>>> print(open('coords-v3.pdb').read())   # PDB, C-alpha atoms, pLDDT in the B column
ATOM      1  CA  MET C   1      63.463-101.354  46.682  1.00 46.00           C
ATOM      2  CA  GLU C   2      66.068-101.118  44.011  1.00 46.00           C
ATOM      3  CA  GLU C   3      66.428-103.977  41.611  1.00 47.00           C
ATOM      4  CA  ASP C   4      69.761-105.735  41.920  1.00 49.00           C
ATOM      5  CA  SER C   5      71.945-104.795  38.988  1.00 46.00           C
ATOM      6  CA  PRO C   6      73.836-107.544  37.220  1.00 45.00           C
ATOM      7  CA  PRO C   7      77.470-107.885  38.187  1.00 47.00           C
ATOM      8  CA  ASP C   8      79.967-105.938  36.179  1.00 45.00           C
ATOM      9  CA  THR C   9      81.358-107.997  33.321  1.00 41.00           C
ATOM     10  CA  ILE C  10      85.072-107.742  32.798  1.00 41.00           C
ATOM     11  CA  LEU C  11      85.867-108.158  29.162  1.00 41.00           C
ATOM     12  CA  THR C  12      88.994-110.250  28.992  1.00 39.00           C
ATOM     13  CA  PRO C  13      90.468-110.872  25.565  1.00 39.00           C
ATOM     14  CA  ILE C  14      90.581-114.521  24.645  1.00 39.00           C
ATOM     15  CA  VAL C  15      94.155-115.546  23.994  1.00 37.00           C
ATOM     16  CA  THR C  16      94.599-118.584  21.813  1.00 38.00           C
ATOM     17  CA  THR C  17      97.892-120.389  21.991  1.00 38.00           C
ATOM     18  CA  LYS C  18      99.093-122.003  18.807  1.00 41.00           C
ATOM     19  CA  GLU C  19     101.424-124.940  19.167  1.00 45.00           C
ATOM     20  CA  TYR C  20     104.324-124.741  16.791  1.00 48.00           C
ATOM     21  CA  SER C  21     105.880-128.021  15.806  1.00 63.00           C
ATOM     22  CA  PHE C  22     109.029-128.465  13.775  1.00 68.00           C
ATOM     23  CA  ASN C  23     108.449-130.127  10.417  1.00 80.00           C
ATOM     24  CA  PHE C  24     111.155-132.777  10.514  1.00 77.00           C
ATOM     25  CA  GLU C  25     110.510-134.027   6.979  1.00 76.00           C
ATOM     26  CA  SER C  26     110.617-130.593   5.324  1.00 82.00           C
ATOM     27  CA  LEU C  27     113.327-129.662   2.850  1.00 86.00           C
ATOM     28  CA  PHE C  28     114.446-126.919   5.227  1.00 91.00           C
ATOM     29  CA  ALA C  29     114.974-129.445   8.036  1.00 92.00           C
ATOM     30  CA  VAL C  30     116.954-131.773   5.775  1.00 94.00           C
ATOM     31  CA  VAL C  31     119.148-128.916   4.537  1.00 95.00           C
ATOM     32  CA  ILE C  32     119.837-127.848   8.132  1.00 96.00           C
ATOM     33  CA  SER C  33     120.794-131.421   9.065  1.00 96.00           C
ATOM     34  CA  VAL C  34     123.192-131.719   6.125  1.00 97.00           C
ATOM     35  CA  ALA C  35     124.658-128.301   6.933  1.00 97.00           C
ATOM     36  CA  VAL C  36     125.327-129.301  10.543  1.00 97.00           C
ATOM     37  CA  TRP C  37     127.276-132.408   9.516  1.00 97.00           C
ATOM     38  CA  ARG C  38     129.094-130.527   6.778  1.00 97.00           C
ATOM     39  CA  SER C  39     130.039-127.771   9.212  1.00 97.00           C
ATOM     40  CA  ALA C  40     131.301-130.320  11.742  1.00 97.00           C
ATOM     41  CA  TYR C  41     133.429-131.922   9.035  1.00 97.00           C
ATOM     42  CA  THR C  42     134.830-128.516   8.017  1.00 97.00           C
ATOM     43  CA  VAL C  43     135.691-127.663  11.635  1.00 98.00           C
ATOM     44  CA  ILE C  44     137.498-130.983  12.095  1.00 97.00           C
ATOM     45  CA  ARG C  45     139.500-130.374   8.918  1.00 97.00           C
ATOM     46  CA  LEU C  46     140.545-126.978  10.259  1.00 97.00           C
ATOM     47  CA  LEU C  47     141.480-128.438  13.653  1.00 97.00           C
ATOM     48  CA  LEU C  48     143.436-131.312  12.074  1.00 96.00           C
ATOM     49  CA  PRO C  49     145.167-129.765   9.035  1.00 94.00           C
ATOM     50  CA  ASN C  50     147.768-132.551   8.925  1.00 94.00           C
ATOM     51  CA  LYS C  51     145.173-135.295   8.628  1.00 95.00           C
ATOM     52  CA  SER C  52     143.684-136.478   5.354  1.00 95.00           C
ATOM     53  CA  ALA C  53     140.140-135.744   4.204  1.00 95.00           C
ATOM     54  CA  GLU C  54     139.227-139.385   4.774  1.00 96.00           C
ATOM     55  CA  TYR C  55     140.563-139.290   8.332  1.00 96.00           C
ATOM     56  CA  CYS C  56     138.347-136.295   9.145  1.00 97.00           C
ATOM     57  CA  CYS C  57     135.363-137.841   7.385  1.00 97.00           C
ATOM     58  CA  ARG C  58     135.726-141.022   9.431  1.00 96.00           C
ATOM     59  CA  ILE C  59     135.695-138.973  12.634  1.00 97.00           C
ATOM     60  CA  ILE C  60     132.266-137.695  11.587  1.00 97.00           C
ATOM     61  CA  THR C  61     131.196-141.265  10.829  1.00 97.00           C
ATOM     62  CA  PHE C  62     132.435-142.364  14.259  1.00 97.00           C
ATOM     63  CA  ILE C  63     130.476-139.582  15.996  1.00 97.00           C
ATOM     64  CA  HIS C  64     127.318-140.347  14.025  1.00 97.00           C
ATOM     65  CA  GLY C  65     127.579-144.037  14.867  1.00 95.00           C
ATOM     66  CA  LEU C  66     127.926-143.392  18.584  1.00 95.00           C
ATOM     67  CA  LEU C  67     125.075-140.880  18.795  1.00 95.00           C
ATOM     68  CA  VAL C  68     122.585-142.843  16.703  1.00 95.00           C
ATOM     69  CA  ALA C  69     123.454-146.132  18.390  1.00 94.00           C
ATOM     70  CA  PHE C  70     122.960-144.693  21.872  1.00 92.00           C
ATOM     71  CA  ILE C  71     119.663-142.904  21.144  1.00 92.00           C
ATOM     72  CA  GLY C  72     118.330-145.468  18.684  1.00 92.00           C
ATOM     73  CA  ILE C  73     118.877-148.510  20.874  1.00 91.00           C
ATOM     74  CA  ASN C  74     116.961-146.761  23.661  1.00 89.00           C
ATOM     75  CA  GLN C  75     113.920-146.884  21.387  1.00 88.00           C
ATOM     76  CA  CYS C  76     114.110-150.693  21.441  1.00 87.00           C
ATOM     77  CA  PHE C  77     113.166-150.715  25.128  1.00 85.00           C
ATOM     78  CA  LEU C  78     109.900-148.821  25.351  1.00 77.00           C
ATOM     79  CA  ILE C  79     106.816-150.002  27.257  1.00 74.00           C
ATOM     80  CA  ASP C  80     106.595-152.813  24.725  1.00 80.00           C
ATOM     81  CA  SER C  81     108.551-154.074  21.733  1.00 84.00           C
ATOM     82  CA  PRO C  82     108.211-151.544  18.885  1.00 87.00           C
ATOM     83  CA  PHE C  83     108.107-154.428  16.404  1.00 87.00           C
ATOM     84  CA  ASP C  84     104.770-155.480  17.904  1.00 86.00           C
ATOM     85  CA  HIS C  85     103.317-151.997  17.344  1.00 86.00           C
ATOM     86  CA  PRO C  86     104.170-150.706  13.856  1.00 87.00           C
ATOM     87  CA  ASP C  87     101.153-148.398  14.081  1.00 86.00           C
ATOM     88  CA  TRP C  88     102.714-146.335  16.878  1.00 89.00           C
ATOM     89  CA  VAL C  89     102.987-142.682  15.896  1.00 92.00           C
ATOM     90  CA  THR C  90     106.558-141.498  15.397  1.00 91.00           C
ATOM     91  CA  THR C  91     107.723-139.298  18.281  1.00 91.00           C
ATOM     92  CA  HIS C  92     109.797-136.118  18.072  1.00 92.00           C
ATOM     93  CA  THR C  93     112.837-137.979  19.416  1.00 92.00           C
ATOM     94  CA  GLN C  94     112.550-140.657  16.752  1.00 93.00           C
ATOM     95  CA  SER C  95     112.057-138.041  14.035  1.00 94.00           C
ATOM     96  CA  LEU C  96     115.115-136.151  15.269  1.00 94.00           C
ATOM     97  CA  VAL C  97     117.264-139.315  15.140  1.00 95.00           C
ATOM     98  CA  MET C  98     116.119-140.093  11.605  1.00 95.00           C
ATOM     99  CA  LEU C  99     116.617-136.489  10.496  1.00 95.00           C
ATOM    100  CA  ALA C 100     120.149-136.476  11.912  1.00 95.00           C
ATOM    101  CA  SER C 101     120.977-139.736  10.144  1.00 96.00           C
ATOM    102  CA  LEU C 102     119.422-138.544   6.894  1.00 96.00           C
ATOM    103  CA  GLY C 103     121.600-135.440   6.937  1.00 96.00           C
ATOM    104  CA  TYR C 104     124.672-137.518   7.730  1.00 97.00           C
ATOM    105  CA  PHE C 105     124.106-140.023   4.913  1.00 97.00           C
ATOM    106  CA  ILE C 106     123.500-137.249   2.372  1.00 97.00           C
ATOM    107  CA  HIS C 107     126.718-135.559   3.487  1.00 97.00           C
ATOM    108  CA  ASP C 108     128.696-138.813   3.425  1.00 96.00           C
ATOM    109  CA  LEU C 109     127.258-139.884   0.057  1.00 96.00           C
ATOM    110  CA  GLU C 110     128.343-136.589  -1.464  1.00 96.00           C
ATOM    111  CA  TRP C 111     131.794-137.009   0.092  1.00 96.00           C
ATOM    112  CA  CYS C 112     132.141-140.574  -1.244  1.00 95.00           C
ATOM    113  CA  ILE C 113     131.130-139.493  -4.752  1.00 94.00           C
ATOM    114  CA  ARG C 114     133.665-136.675  -4.678  1.00 94.00           C
ATOM    115  CA  TYR C 115     136.622-138.688  -3.384  1.00 93.00           C
ATOM    116  CA  GLN C 116     135.711-142.092  -4.880  1.00 89.00           C
ATOM    117  CA  THR C 117     136.892-144.054  -1.825  1.00 87.00           C
ATOM    118  CA  GLU C 118     134.107-146.625  -1.540  1.00 88.00           C
ATOM    119  CA  GLU C 119     133.047-149.616  -3.597  1.00 90.00           C
ATOM    120  CA  LYS C 120     129.658-150.095  -5.249  1.00 92.00           C
ATOM    121  CA  LEU C 121     128.077-151.963  -2.335  1.00 94.00           C
ATOM    122  CA  MET C 122     128.798-149.160   0.126  1.00 94.00           C
ATOM    123  CA  MET C 123     127.556-146.562  -2.354  1.00 95.00           C
ATOM    124  CA  ALA C 124     124.362-148.567  -2.832  1.00 95.00           C
ATOM    125  CA  HIS C 125     124.011-148.773   0.958  1.00 96.00           C
ATOM    126  CA  HIS C 126     124.219-144.993   1.266  1.00 96.00           C
ATOM    127  CA  VAL C 127     121.693-144.389  -1.525  1.00 96.00           C
ATOM    128  CA  TYR C 128     119.343-146.893   0.104  1.00 96.00           C
ATOM    129  CA  SER C 129     119.827-145.274   3.530  1.00 96.00           C
ATOM    130  CA  VAL C 130     118.887-141.826   2.223  1.00 96.00           C
ATOM    131  CA  PHE C 131     115.731-143.153   0.571  1.00 96.00           C
ATOM    132  CA  ALA C 132     114.701-145.471   3.424  1.00 95.00           C
ATOM    133  CA  ILE C 133     115.210-142.955   6.225  1.00 95.00           C
ATOM    134  CA  PHE C 134     113.361-140.229   4.337  1.00 95.00           C
ATOM    135  CA  ARG C 135     110.485-142.629   3.634  1.00 94.00           C
ATOM    136  CA  MET C 136     110.191-143.528   7.319  1.00 93.00           C
ATOM    137  CA  LEU C 137     110.483-139.873   8.306  1.00 93.00           C
ATOM    138  CA  VAL C 138     107.526-138.764   6.178  1.00 92.00           C
ATOM    139  CA  LYS C 139     105.473-141.853   7.008  1.00 91.00           C
ATOM    140  CA  GLY C 140     104.596-140.680  10.501  1.00 88.00           C
ATOM    141  CA  THR C 141     104.381-144.183  11.984  1.00 90.00           C
ATOM    142  CA  SER C 142     106.795-147.073  12.634  1.00 90.00           C
ATOM    143  CA  GLY C 143     109.393-144.586  13.846  1.00 91.00           C
ATOM    144  CA  ALA C 144     110.140-146.722  16.890  1.00 92.00           C
ATOM    145  CA  GLN C 145     110.931-149.713  14.691  1.00 92.00           C
ATOM    146  CA  ALA C 146     113.050-147.630  12.332  1.00 93.00           C
ATOM    147  CA  THR C 147     115.145-145.919  15.015  1.00 94.00           C
ATOM    148  CA  CYS C 148     115.592-149.155  16.962  1.00 93.00           C
ATOM    149  CA  ALA C 149     116.880-150.900  13.823  1.00 93.00           C
ATOM    150  CA  LEU C 150     119.009-147.908  12.844  1.00 94.00           C
ATOM    151  CA  GLY C 151     120.633-147.683  16.256  1.00 93.00           C
ATOM    152  CA  SER C 152     121.275-151.428  16.379  1.00 93.00           C
ATOM    153  CA  MET C 153     122.952-151.465  12.985  1.00 93.00           C
ATOM    154  CA  GLU C 154     125.040-148.358  13.643  1.00 94.00           C
ATOM    155  CA  ILE C 155     126.546-149.868  16.802  1.00 94.00           C
ATOM    156  CA  THR C 156     129.013-151.758  14.581  1.00 94.00           C
ATOM    157  CA  ASN C 157     130.253-148.597  12.860  1.00 94.00           C
ATOM    158  CA  PRO C 158     132.405-147.119  15.666  1.00 95.00           C
ATOM    159  CA  PHE C 159     134.395-150.388  15.825  1.00 96.00           C
ATOM    160  CA  LEU C 160     134.972-150.277  12.065  1.00 95.00           C
ATOM    161  CA  GLN C 161     136.191-146.678  12.207  1.00 96.00           C
ATOM    162  CA  LEU C 162     138.373-147.359  15.261  1.00 96.00           C
ATOM    163  CA  ARG C 163     139.964-150.235  13.347  1.00 95.00           C
ATOM    164  CA  TRP C 164     140.778-147.850  10.486  1.00 95.00           C
ATOM    165  CA  PHE C 165     142.220-145.208  12.844  1.00 96.00           C
ATOM    166  CA  ILE C 166     144.475-147.764  14.536  1.00 96.00           C
ATOM    167  CA  ARG C 167     145.857-148.916  11.213  1.00 93.00           C
ATOM    168  CA  SER C 168     146.274-145.373   9.892  1.00 92.00           C
ATOM    169  CA  GLU C 169     148.403-144.554  12.946  1.00 91.00           C
ATOM    170  CA  GLY C 170     150.778-147.386  12.057  1.00 91.00           C
ATOM    171  CA  LEU C 171     149.582-149.813  14.718  1.00 90.00           C
ATOM    172  CA  TYR C 172     149.032-152.685  12.296  1.00 87.00           C
ATOM    173  CA  PRO C 173     149.741-155.474  12.914  1.00 87.00           C
ATOM    174  CA  SER C 174     149.170-155.306  16.657  1.00 90.00           C
ATOM    175  CA  VAL C 175     147.185-156.952  19.429  1.00 94.00           C
ATOM    176  CA  LEU C 176     145.020-153.839  19.694  1.00 94.00           C
ATOM    177  CA  PHE C 177     144.176-153.920  15.985  1.00 94.00           C
ATOM    178  CA  ASN C 178     143.274-157.609  16.096  1.00 93.00           C
ATOM    179  CA  ALA C 179     141.131-157.102  19.204  1.00 95.00           C
ATOM    180  CA  VAL C 180     139.144-154.252  17.645  1.00 95.00           C
ATOM    181  CA  GLU C 181     138.786-156.085  14.338  1.00 95.00           C
ATOM    182  CA  THR C 182     137.571-159.250  16.062  1.00 94.00           C
ATOM    183  CA  THR C 183     135.114-157.255  18.182  1.00 96.00           C
ATOM    184  CA  PHE C 184     133.728-155.560  15.080  1.00 96.00           C
ATOM    185  CA  MET C 185     133.172-158.885  13.315  1.00 95.00           C
ATOM    186  CA  ILE C 186     131.532-160.515  16.340  1.00 96.00           C
ATOM    187  CA  VAL C 187     129.203-157.550  16.892  1.00 96.00           C
ATOM    188  CA  PHE C 188     128.404-157.398  13.165  1.00 96.00           C
ATOM    189  CA  VAL C 189     127.406-161.072  12.988  1.00 97.00           C
ATOM    190  CA  ALA C 190     125.504-160.925  16.293  1.00 96.00           C
ATOM    191  CA  ILE C 191     123.519-157.778  15.472  1.00 95.00           C
ATOM    192  CA  ARG C 192     123.110-157.673  11.708  1.00 95.00           C
ATOM    193  CA  ILE C 193     122.874-161.393  10.971  1.00 96.00           C
ATOM    194  CA  VAL C 194     121.631-163.256  14.053  1.00 96.00           C
ATOM    195  CA  LEU C 195     119.430-160.541  15.590  1.00 94.00           C
ATOM    196  CA  GLY C 196     118.623-159.208  12.128  1.00 94.00           C
ATOM    197  CA  THR C 197     117.276-162.594  11.040  1.00 96.00           C
ATOM    198  CA  TYR C 198     115.160-162.834  14.191  1.00 94.00           C
ATOM    199  CA  TYR C 199     113.573-159.427  13.654  1.00 93.00           C
ATOM    200  CA  MET C 200     113.190-160.004   9.916  1.00 95.00           C
ATOM    201  CA  VAL C 201     110.983-162.994  10.700  1.00 95.00           C
ATOM    202  CA  ILE C 202     108.942-160.885  13.150  1.00 93.00           C
ATOM    203  CA  ILE C 203     108.541-158.094  10.592  1.00 93.00           C
ATOM    204  CA  VAL C 204     107.360-160.475   7.864  1.00 93.00           C
ATOM    205  CA  LYS C 205     104.883-162.186  10.205  1.00 93.00           C
ATOM    206  CA  GLN C 206     103.521-158.907  11.602  1.00 90.00           C
ATOM    207  CA  PRO C 207     100.266-158.239   9.684  1.00 90.00           C
ATOM    208  CA  LYS C 208     100.215-154.553  10.683  1.00 90.00           C
ATOM    209  CA  ASN C 209     103.406-153.774   8.760  1.00 90.00           C
ATOM    210  CA  ASP C 210     103.002-152.002   5.428  1.00 89.00           C
ATOM    211  CA  TRP C 211     104.523-153.593   2.348  1.00 91.00           C
ATOM    212  CA  ASP C 212     107.049-150.760   2.002  1.00 90.00           C
ATOM    213  CA  PHE C 213     108.415-151.269   5.521  1.00 92.00           C
ATOM    214  CA  VAL C 214     108.788-155.007   4.855  1.00 94.00           C
ATOM    215  CA  LEU C 215     110.543-154.307   1.542  1.00 95.00           C
ATOM    216  CA  LEU C 216     112.904-151.752   3.071  1.00 95.00           C
ATOM    217  CA  SER C 217     113.706-154.129   5.933  1.00 95.00           C
ATOM    218  CA  PHE C 218     114.373-157.007   3.560  1.00 96.00           C
ATOM    219  CA  THR C 219     116.657-154.844   1.408  1.00 96.00           C
ATOM    220  CA  ILE C 220     118.948-153.836   4.280  1.00 96.00           C
ATOM    221  CA  TYR C 221     118.891-157.429   5.527  1.00 96.00           C
ATOM    222  CA  ILE C 222     120.202-158.640   2.152  1.00 97.00           C
ATOM    223  CA  MET C 223     122.843-155.906   2.198  1.00 96.00           C
ATOM    224  CA  SER C 224     124.010-157.131   5.601  1.00 96.00           C
ATOM    225  CA  TRP C 225     124.591-160.578   4.124  1.00 97.00           C
ATOM    226  CA  LEU C 226     126.526-159.058   1.219  1.00 96.00           C
ATOM    227  CA  PHE C 227     128.740-157.199   3.705  1.00 96.00           C
ATOM    228  CA  LEU C 228     129.226-160.478   5.577  1.00 96.00           C
ATOM    229  CA  ILE C 229     130.393-162.153   2.364  1.00 95.00           C
ATOM    230  CA  ASN C 230     133.024-159.407   1.994  1.00 93.00           C
ATOM    231  CA  ILE C 231     134.111-159.998   5.602  1.00 93.00           C
ATOM    232  CA  VAL C 232     134.465-163.743   4.951  1.00 93.00           C
ATOM    233  CA  LYS C 233     136.527-163.019   1.825  1.00 91.00           C
ATOM    234  CA  TYR C 234     138.764-160.737   3.883  1.00 89.00           C
ATOM    235  CA  LEU C 235     139.253-163.461   6.503  1.00 88.00           C
ATOM    236  CA  LEU C 236     140.126-166.018   3.818  1.00 87.00           C
ATOM    237  CA  VAL C 237     142.691-163.668   2.351  1.00 85.00           C
ATOM    238  CA  LYS C 238     144.163-162.691   5.726  1.00 79.00           C
ATOM    239  CA  TYR C 239     144.299-166.044   7.484  1.00 75.00           C
ATOM    240  CA  CYS C 240     144.263-168.609   4.673  1.00 79.00           C
ATOM    241  CA  GLY C 241     146.687-166.882   2.333  1.00 70.00           C
ATOM    242  CA  PHE C 242     144.331-166.549  -0.628  1.00 67.00           C
ATOM    243  CA  ASP C 243     145.231-163.872  -3.167  1.00 64.00           C
ATOM    244  CA  LYS C 244     148.012-161.911  -1.456  1.00 57.00           C
ATOM    245  CA  LYS C 245     147.786-159.094  -4.008  1.00 62.00           C
ATOM    246  CA  LYS C 246     144.114-158.542  -3.203  1.00 58.00           C
ATOM    247  CA  MET C 247     144.995-158.482   0.485  1.00 55.00           C
ATOM    248  CA  ARG C 248     147.411-155.614  -0.131  1.00 59.00           C
ATOM    249  CA  ASP C 249     144.791-153.805  -2.213  1.00 60.00           C
ATOM    250  CA  LEU C 250     142.249-154.167   0.606  1.00 56.00           C
ATOM    251  CA  HIS C 251     144.661-152.587   3.091  1.00 56.00           C
ATOM    252  CA  ASN C 252     145.599-149.768   0.720  1.00 56.00           C
ATOM    253  CA  LYS C 253     141.926-148.918   0.140  1.00 52.00           C
ATOM    254  CA  GLY C 254     141.268-148.865   3.878  1.00 48.00           C
ATOM    255  CA  SER C 255     138.532-151.488   3.834  1.00 50.00           C
TER     256      SER C 255
END
>>> encode(input="coords-v3.pdb", output="structure tokens")
Amino acid sequence: MEEDSPPDTILTPIVTTKEYSFNFESLFAVVISVAVWRSAYTVIRLLLPNKSAEYCCRIITFIHGLLVAFIGINQCFLIDSPFDHPDWVTTHTQSLVMLASLGYFIHDLEWCIRYQTEEKLMMAHHVYSVFAIFRMLVKGTSGAQATCALGSMEITNPFLQLRWFIRSEGLYPSVLFNAVETTFMIVFVAIRIVLGTYYMVIIVKQPKNDWDFVLLSFTIYIMSWLFLINIVKYLLVKYCGFDKKKMRDLHNKGS
């Protein structure tokens, strides 16, 4: 009786699959992000040759505000409040939002330096934004908190740009201008001051937060109050008649 031979062995090559992940915090990624915003700005300038450089730049700012606000605010409503879980690992979506904003702020900072249209506070805000977003991008955690805060703060920006567009088209003074301006101020106070104070308290009391996240949060919180002071000054000039010359200068500068 023949001995049973072992079954034939089919040699199948072992295929290993390597997962490729995009390095969002790499210099290459940042350069690509800046290039995308710069290219969009260049295209808008070509499509609107009769509009000023500032007009085209504000269109980019308007688009950035809408996109980041929509995606960022969605990160505020996860399975739980992101401010209760600063140790959550940053997701690809959150990294993409921060990378997009980082590229935008680098582009806009360069534009502001070139054309000298903004005051020191806004320039400081842009420098801070570049540093803070890059820090959160490379950190790898707290991305949900960062994108939620970023989206919430950027929701005021489209109203500010719309206000500027209305005035640049000669619709000032008008009911439409006053409505947009009032909406911007209400949203600014509600989000950056009232809600910002609430979350600032949560951030400070949260023991899991790193010192750098607390410091970055406190810095932008103080900047929000400084912007509010400028808004109050504007209201005093506009409605109380203080310093008419400064009022004209504010309008001419597009603030």
>>> closest_residue(input="coords-v3.pdb", among="C:His85, C:Asn230, C:Ser168, C:Ile191", to="Lys51 (chain C)", atoms="only C-alpha atoms")
C:Ser168
>>> residues_around(input="coords-v3.pdb", residues="Phe218 (chain C)", least_positions_apart="3", cutoff="10 Å", atoms="all atoms listed in the file", output="ChimeraX atom specification")
/C:196-197,200-201,203-204,212-215,221-224
>>> closest_residue(input="coords-v3.pdb", among="C:Thr156, C:Gln145, C:Gln206, C:Thr93", to="Phe184 (chain C)", atoms="all atoms listed in the file")
C:Thr156
>>> atom_distance(input="coords-v3.pdb", atom1="CA of Arg38 (chain C)", atom2="CA of Ile60 (chain C)")
9.2 Å
>>> closest_residue(input="coords-v3.pdb", among="C:Tyr198, C:Trp225, C:Phe188, C:Phe131", to="Asn157 (chain C)", atoms="all atoms listed in the file")
C:Phe188
>>> atom_distance(input="coords-v3.pdb", atom1="CA of Ile133 (chain C)", atom2="CA of Ile79 (chain C)")
23.7 Å
>>> closest_residue(input="coords-v3.pdb", among="C:Gln116, C:Tyr104, C:Ala149, C:Ser217", to="Phe62 (chain C)", atoms="only C-alpha atoms")
C:Tyr104
>>> atom_distance(input="coords-v3.pdb", atom1="CA of Thr141 (chain C)", atom2="CA of Asp80 (chain C)")
15.5 Å
